[in-house]
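This is work_28.txt (compact mmCIF, C-alpha atoms).
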```txt
# COMPACT_ATOMS: atom_id res chain seq x y z
CA MET X 109 0.35 19.57 27.71
CA LYS X 110 -0.23 17.00 24.99
CA ASN X 111 2.17 14.20 24.11
CA VAL X 112 3.24 13.15 20.61
CA ILE X 113 5.44 10.28 19.43
CA ILE X 114 7.27 10.78 16.13
CA THR X 115 9.36 8.07 14.48
CA GLY X 116 12.23 8.62 12.04
CA THR X 117 13.35 11.94 13.51
CA SER X 118 17.08 12.07 12.77
CA SER X 119 16.64 14.05 9.55
CA GLY X 120 14.21 15.18 6.88
CA LEU X 121 10.49 15.19 7.55
CA GLY X 122 10.73 13.66 11.02
CA PHE X 123 13.31 16.23 12.09
CA GLU X 124 11.06 19.07 10.91
CA LEU X 125 8.05 17.52 12.63
CA VAL X 126 9.93 17.61 15.93
CA ASN X 127 10.72 21.30 15.39
CA LYS X 128 7.09 22.07 14.56
CA PHE X 129 5.68 20.31 17.60
CA ILE X 130 8.24 22.07 19.82
CA ALA X 131 6.96 25.39 18.47
CA GLU X 132 3.44 24.30 19.38
CA ASN X 133 4.48 23.37 22.94
CA TYR X 134 4.00 19.61 22.81
CA ASN X 135 5.89 17.03 24.79
CA ILE X 136 7.68 15.00 22.12
CA ILE X 137 9.03 11.47 22.22
CA SER X 138 11.50 11.40 19.34
CA LEU X 139 12.39 7.97 17.95
CA SER X 140 15.10 7.12 15.43
CA ARG X 141 18.05 4.81 14.94
CA SER X 142 20.38 7.80 14.76
CA THR X 143 20.53 10.60 17.29
CA CYS X 144 18.25 13.59 16.74
CA SER X 145 20.33 16.75 17.13
CA ILE X 146 17.45 18.92 18.36
CA LYS X 147 17.93 20.00 21.97
CA SER X 148 14.84 21.03 23.89
CA SER X 149 13.36 20.39 27.31
CA LEU X 150 10.23 19.28 25.47
CA VAL X 151 12.01 16.48 23.61
CA GLU X 152 12.83 13.03 24.95
CA HIS X 153 14.93 11.33 22.27
CA CYS X 154 15.35 7.56 22.21
CA ASN X 155 17.68 5.63 19.94
CA PHE X 156 15.02 3.33 18.57
CA ASP X 157 14.85 0.44 16.13
CA ILE X 158 11.24 -0.13 15.08
CA THR X 159 12.12 -3.69 14.05
CA ASN X 160 13.46 -4.57 17.52
CA PRO X 161 10.91 -5.63 20.20
CA LYS X 162 13.35 -4.49 22.90
CA SER X 163 13.09 -0.90 21.67
CA ILE X 164 9.30 -1.04 21.89
CA SER X 165 9.48 -2.53 25.39
CA GLU X 166 11.75 0.31 26.54
CA LEU X 167 9.40 2.86 24.97
CA LYS X 168 6.46 1.42 26.90
CA LYS X 169 8.40 1.79 30.15
CA LEU X 170 9.19 5.42 29.31
CA ILE X 171 5.57 6.27 28.56
CA GLN X 172 4.37 4.57 31.74
CA SER X 173 6.88 6.34 33.96
CA LYS X 174 6.84 9.84 32.47
CA TYR X 175 3.96 10.55 30.07
CA LYS X 176 1.12 8.15 31.00
CA THR X 177 -0.89 8.83 27.82
CA ILE X 178 -0.24 9.52 24.12
CA ASP X 179 -2.30 12.01 22.12
CA ILE X 180 -0.68 11.55 18.70
CA LEU X 181 1.52 8.91 17.08
CA ILE X 182 3.12 9.82 13.75
CA ASN X 183 4.56 6.75 12.03
CA ASN X 184 7.12 8.51 9.85
CA ALA X 185 10.06 6.07 9.85
CA GLY X 186 10.52 4.49 6.45
CA MET X 187 12.87 2.47 4.28
CA LEU X 188 13.19 2.66 0.51
CA ILE X 189 15.20 0.46 -1.86
CA ASN X 190 15.26 1.55 -5.51
CA LYS X 191 16.08 -1.64 -7.40
CA PRO X 192 14.58 -3.62 -10.28
CA PHE X 193 12.12 -6.27 -9.11
CA VAL X 194 14.11 -9.16 -10.62
CA GLU X 195 17.18 -8.10 -8.64
CA LEU X 196 15.45 -7.72 -5.27
CA SER X 197 16.17 -10.51 -2.85
CA LYS X 198 13.69 -11.88 -0.35
CA LYS X 199 15.90 -10.45 2.39
CA GLU X 200 15.63 -6.96 0.89
CA PHE X 201 11.86 -7.24 0.57
CA ILE X 202 11.62 -8.31 4.20
CA SER X 203 13.89 -5.48 5.37
CA VAL X 204 11.60 -2.90 3.72
CA TYR X 205 8.44 -4.50 5.09
CA ASP X 206 9.97 -4.77 8.57
CA VAL X 207 10.34 -1.00 8.79
CA ASN X 208 7.35 0.18 6.75
CA PHE X 209 4.75 -2.35 7.86
CA PHE X 210 5.58 -4.96 10.49
CA GLY X 211 7.40 -2.48 12.71
CA VAL X 212 4.38 -0.17 12.63
CA ILE X 213 2.15 -3.09 13.64
CA GLU X 214 4.33 -3.95 16.63
CA LEU X 215 4.64 -0.33 17.71
CA ILE X 216 0.87 0.26 17.63
CA GLN X 217 0.20 -3.00 19.46
CA GLY X 218 2.81 -2.15 22.08
CA ILE X 219 1.58 1.32 22.99
CA LEU X 220 -2.15 0.88 22.34
CA PRO X 221 -3.05 0.97 26.08
CA PHE X 222 -1.68 4.51 26.34
CA PHE X 223 -4.00 6.05 23.75
CA LYS X 224 -7.13 7.95 24.78
CA SER X 225 -10.45 7.78 22.97
CA LYS X 226 -9.67 10.99 21.06
CA SER X 227 -6.02 10.16 20.36
CA GLN X 228 -4.93 9.64 16.79
CA ILE X 229 -2.44 7.73 14.70
CA ILE X 230 -1.12 9.28 11.50
CA ASN X 231 0.62 6.82 9.20
CA ILE X 232 2.97 8.52 6.75
CA SER X 233 2.43 6.51 3.59
CA SER X 234 3.09 7.09 -0.10
CA ILE X 235 1.08 8.04 -3.15
CA GLY X 236 2.60 4.91 -4.70
CA GLY X 237 0.74 2.79 -2.16
CA ILE X 238 -2.70 3.78 -3.49
CA ASN X 239 -4.45 1.66 -6.09
CA GLY X 240 -4.66 3.31 -9.51
CA THR X 241 -1.96 5.94 -9.01
CA ASN X 242 1.17 6.27 -11.15
CA LYS X 243 3.88 3.83 -10.13
CA PHE X 244 7.66 4.04 -10.51
CA LYS X 245 10.18 1.42 -11.58
CA GLY X 246 12.37 0.09 -8.82
CA LEU X 247 9.88 0.66 -6.00
CA SER X 248 8.10 -2.70 -5.87
CA ALA X 249 9.07 -3.35 -2.24
CA TYR X 250 8.51 0.21 -1.04
CA SER X 251 5.19 0.88 -2.77
CA SER X 252 3.70 -2.51 -1.94
CA SER X 253 4.67 -2.10 1.72
CA LYS X 254 2.89 1.26 1.79
CA GLY X 255 -0.12 -0.34 0.12
CA ALA X 256 -0.19 -2.87 2.96
CA LEU X 257 0.06 -0.02 5.48
CA ASN X 258 -2.93 1.69 3.87
CA ILE X 259 -5.09 -1.43 4.12
CA LEU X 260 -4.00 -1.86 7.73
CA THR X 261 -5.11 1.73 8.39
CA GLU X 262 -8.59 1.01 7.07
CA VAL X 263 -8.95 -2.19 9.09
CA LEU X 264 -7.69 -0.67 12.36
CA ALA X 265 -10.06 2.28 12.00
CA GLU X 266 -12.90 -0.25 12.01
CA GLU X 267 -11.46 -2.14 14.97
CA PHE X 268 -10.87 1.02 17.02
CA LYS X 269 -13.99 2.97 16.05
CA GLU X 270 -15.73 2.42 19.40
CA THR X 271 -12.72 3.08 21.62
CA GLY X 272 -10.24 5.15 19.62
CA PRO X 273 -7.68 6.05 18.53
CA VAL X 274 -8.58 7.55 15.17
CA ILE X 275 -6.19 6.41 12.43
CA ASN X 276 -5.51 7.78 8.94
CA SER X 277 -2.84 7.45 6.24
CA LEU X 278 -1.34 10.52 4.60
CA CYS X 279 0.04 9.34 1.26
CA LEU X 280 2.80 11.75 0.31
CA GLY X 281 4.23 12.51 -3.07
CA SER X 282 7.93 13.35 -3.29
CA VAL X 283 9.43 15.42 -0.48
CA GLN X 284 13.06 16.56 -0.59
CA THR X 285 14.44 14.24 2.08
CA LYS X 286 17.69 12.33 2.46
CA MET X 287 15.87 9.08 1.69
CA LEU X 288 14.61 10.53 -1.62
CA GLU X 289 18.07 11.87 -2.50
CA GLN X 290 19.68 8.49 -1.87
CA ALA X 291 17.07 6.61 -3.88
CA PHE X 292 16.87 9.11 -6.76
CA PRO X 293 20.17 11.06 -6.97
CA GLY X 294 19.72 14.43 -8.63
CA TYR X 295 15.92 14.45 -8.42
CA LYS X 296 14.46 17.66 -6.96
CA ALA X 297 11.07 17.46 -5.25
CA GLN X 298 8.68 20.40 -5.27
CA VAL X 299 7.97 20.14 -1.54
CA GLN X 300 10.47 20.74 1.26
CA PRO X 301 10.32 18.80 4.57
CA ARG X 302 9.38 21.89 6.60
CA GLU X 303 6.41 22.61 4.34
CA MET X 304 5.15 19.06 4.68
CA ALA X 305 5.74 19.06 8.44
CA ASN X 306 3.54 22.14 8.75
CA PHE X 307 0.81 20.41 6.76
CA ILE X 308 0.99 17.25 8.88
CA TYR X 309 0.84 19.28 12.07
CA ASP X 310 -2.27 21.09 10.84
CA PHE X 311 -3.84 17.74 9.95
CA SER X 312 -3.06 16.42 13.42
CA GLN X 313 -5.10 19.27 14.90
CA SER X 314 -8.21 18.95 12.76
CA GLY X 315 -8.05 15.85 10.54
CA GLY X 316 -8.97 13.37 13.24
CA LYS X 317 -12.22 15.21 13.85
CA VAL X 318 -13.52 14.55 10.33
CA PHE X 319 -11.49 11.60 8.97
CA ASN X 320 -11.06 8.05 10.22
CA GLY X 321 -9.68 5.13 8.24
CA LYS X 322 -9.02 7.36 5.25
CA ILE X 323 -6.22 7.02 2.70
CA ILE X 324 -5.49 10.62 1.76
CA PRO X 325 -3.26 11.53 -1.21
CA ILE X 326 -0.99 14.52 -0.55
CA SER X 327 0.75 15.24 -3.86
CA LEU X 328 1.26 18.06 -6.36
CA LEU X 329 1.55 15.57 -9.22
CA ASP X 330 -1.28 13.96 -11.14
CA THR X 331 -2.11 10.48 -9.89
```

Translate the structure described by the file into structure tokens.
Amino acid sequence: MKNVIITGTSSGLGFELVNKFIAENYNIISLSRSTCSIKSSLVEHCNFDITNPKSISELKKLIQSKYKTIDILINNAGMLINKPFVELSKKEFISVYDVNFFGVIELIQGILPFFKSKSQIINISSIGGINGTNKFKGLSAYSSSKGALNILTEVLAEEFKETGPVINSLCLGSVQTKMLEQAFPGYKAQVQPREMANFIYDFSQSGGKVFNGKIIPISLLDT
């Protein structure tokens, strides 16, 4: 059986990704600050803070003792603050970057020895993190952090191209998640989390064979 790590699994897209990978008979390491309510013998859930080195250290011990190798890492955990740029404090900027960028760096560095040459990392990014796309007021911290994540993806693909893993960014448009609802009350996205989870699963099965270091927009809206 193959092993997948998914971050941000307590609700929304991450929750649906866990369900999808259960249906496909994967061993799943589920990571989130809040408990994931899915109960399955295939799921090992860890209360996990991507900004806390202790959480990453405990994850490494778990992989070493139980799973040995990782086939797929899906960096889905994210933080969004919708606030005018002039009102954003340095502390708020840092809090967004800690989850969306620096935490991803530390997680990849921590578990890199457990990847195989054909393993893959899928970074869940945002259409707002791509140069030249439409941008939205209030998302200066969020969109810029995703832009940084996209550049990191390109650089790591170059660094890992001889050894693996393959790494790509899927830059999503709006998906009807709790994070979206909190940031934009009343807004209704055209895509539901389960639909996007199915797409990401399909990409995890074939995308790594043809893409590496790619920043891929996944959106119904014009960019």

Grab all the atoms of stretch 266-277 of chain X that the file lists, wrap them in a box along x, y and z, add 3 Å per side, and give me centre plus edge lengths in Å (one decimal) as lines of an AutoDock Vina configuration file.
```
center_x = -9.3
center_y = 2.8
center_z = 13.9
size_x = 18.9
size_y = 15.9
size_z = 21.4
```

X:Phe223, X:Phe123, X:Phe311, X:Phe156 ranked by distance to X:Tyr175, top pick (using all atoms listed in the file): X:Phe223

Would you tabulate, counting only C-alpha atoms, all residues of stretch 247-296 of chain X that have an atom at most 6 Å from an atom of stretch 312-327 of chain X, showing the closest pair of atoms and their distance in Å to one decimal, sorted by chain then ascending number, as JSON lines?
```
{"residue": "X:Thr261", "atom": "CA", "partner": "X:Gly321", "partner_atom": "CA", "distance": 5.7}
{"residue": "X:Glu262", "atom": "CA", "partner": "X:Gly321", "partner_atom": "CA", "distance": 4.4}
{"residue": "X:Ala265", "atom": "CA", "partner": "X:Gly321", "partner_atom": "CA", "distance": 4.7}
{"residue": "X:Val274", "atom": "CA", "partner": "X:Asn320", "partner_atom": "CA", "distance": 5.6}
{"residue": "X:Ile275", "atom": "CA", "partner": "X:Asn320", "partner_atom": "CA", "distance": 5.6}
{"residue": "X:Asn276", "atom": "CA", "partner": "X:Gly321", "partner_atom": "CA", "distance": 5.0}
{"residue": "X:Ser277", "atom": "CA", "partner": "X:Ile323", "partner_atom": "CA", "distance": 4.9}
{"residue": "X:Leu278", "atom": "CA", "partner": "X:Ile324", "partner_atom": "CA", "distance": 5.0}
{"residue": "X:Cys279", "atom": "CA", "partner": "X:Pro325", "partner_atom": "CA", "distance": 4.7}
{"residue": "X:Leu280", "atom": "CA", "partner": "X:Ile326", "partner_atom": "CA", "distance": 4.8}
{"residue": "X:Gly281", "atom": "CA", "partner": "X:Ser327", "partner_atom": "CA", "distance": 4.5}
```

Excluding X:Thr117 and any residue of its chain fewer than 5 positions from it, enumerate the residues within 12 Å of it, using all atoms listed in the file, and give them as number ranges by chain. X: 122-128, 136-146, 151-157, 182-186, 285-286, 301, 305

I'd like the neighbourhood of X:Val207 as a count of residues only, where a residue qualifies if any of its atoms comes within 12 Å (using all atoms listed in the file), though same-chain residues fewer than 2 positions away should be ignored. 34

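Ranking X:Gln298, X:Ser165, X:Ser119, X:Asn258 by their shortest atom-to-atom distance to X:Ser233, with only C-alpha atoms included, puts X:Asn258 first.
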
One number please: atom CA of X:Ile114 to atom CA of X:Gly272, in Å, one decimal.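 Value for the atom CA of X:Ile114-atom CA of X:Gly272 distance: 18.7 Å.
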
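Relative to atom CA of X:Tyr134, atom CA of X:Asn111 is found at 5.9 Å.
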
For atom CA of X:Val283 and atom CA of X:Gln300, quote the distance in Å rounded to one decimal.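 A separation of 5.7 Å between them.
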
For X:Glu270, which residue out of X:Phe244, X:Lys226, X:Ser282, X:Met304 is the nearest one, using only C-alpha atoms? X:Lys226
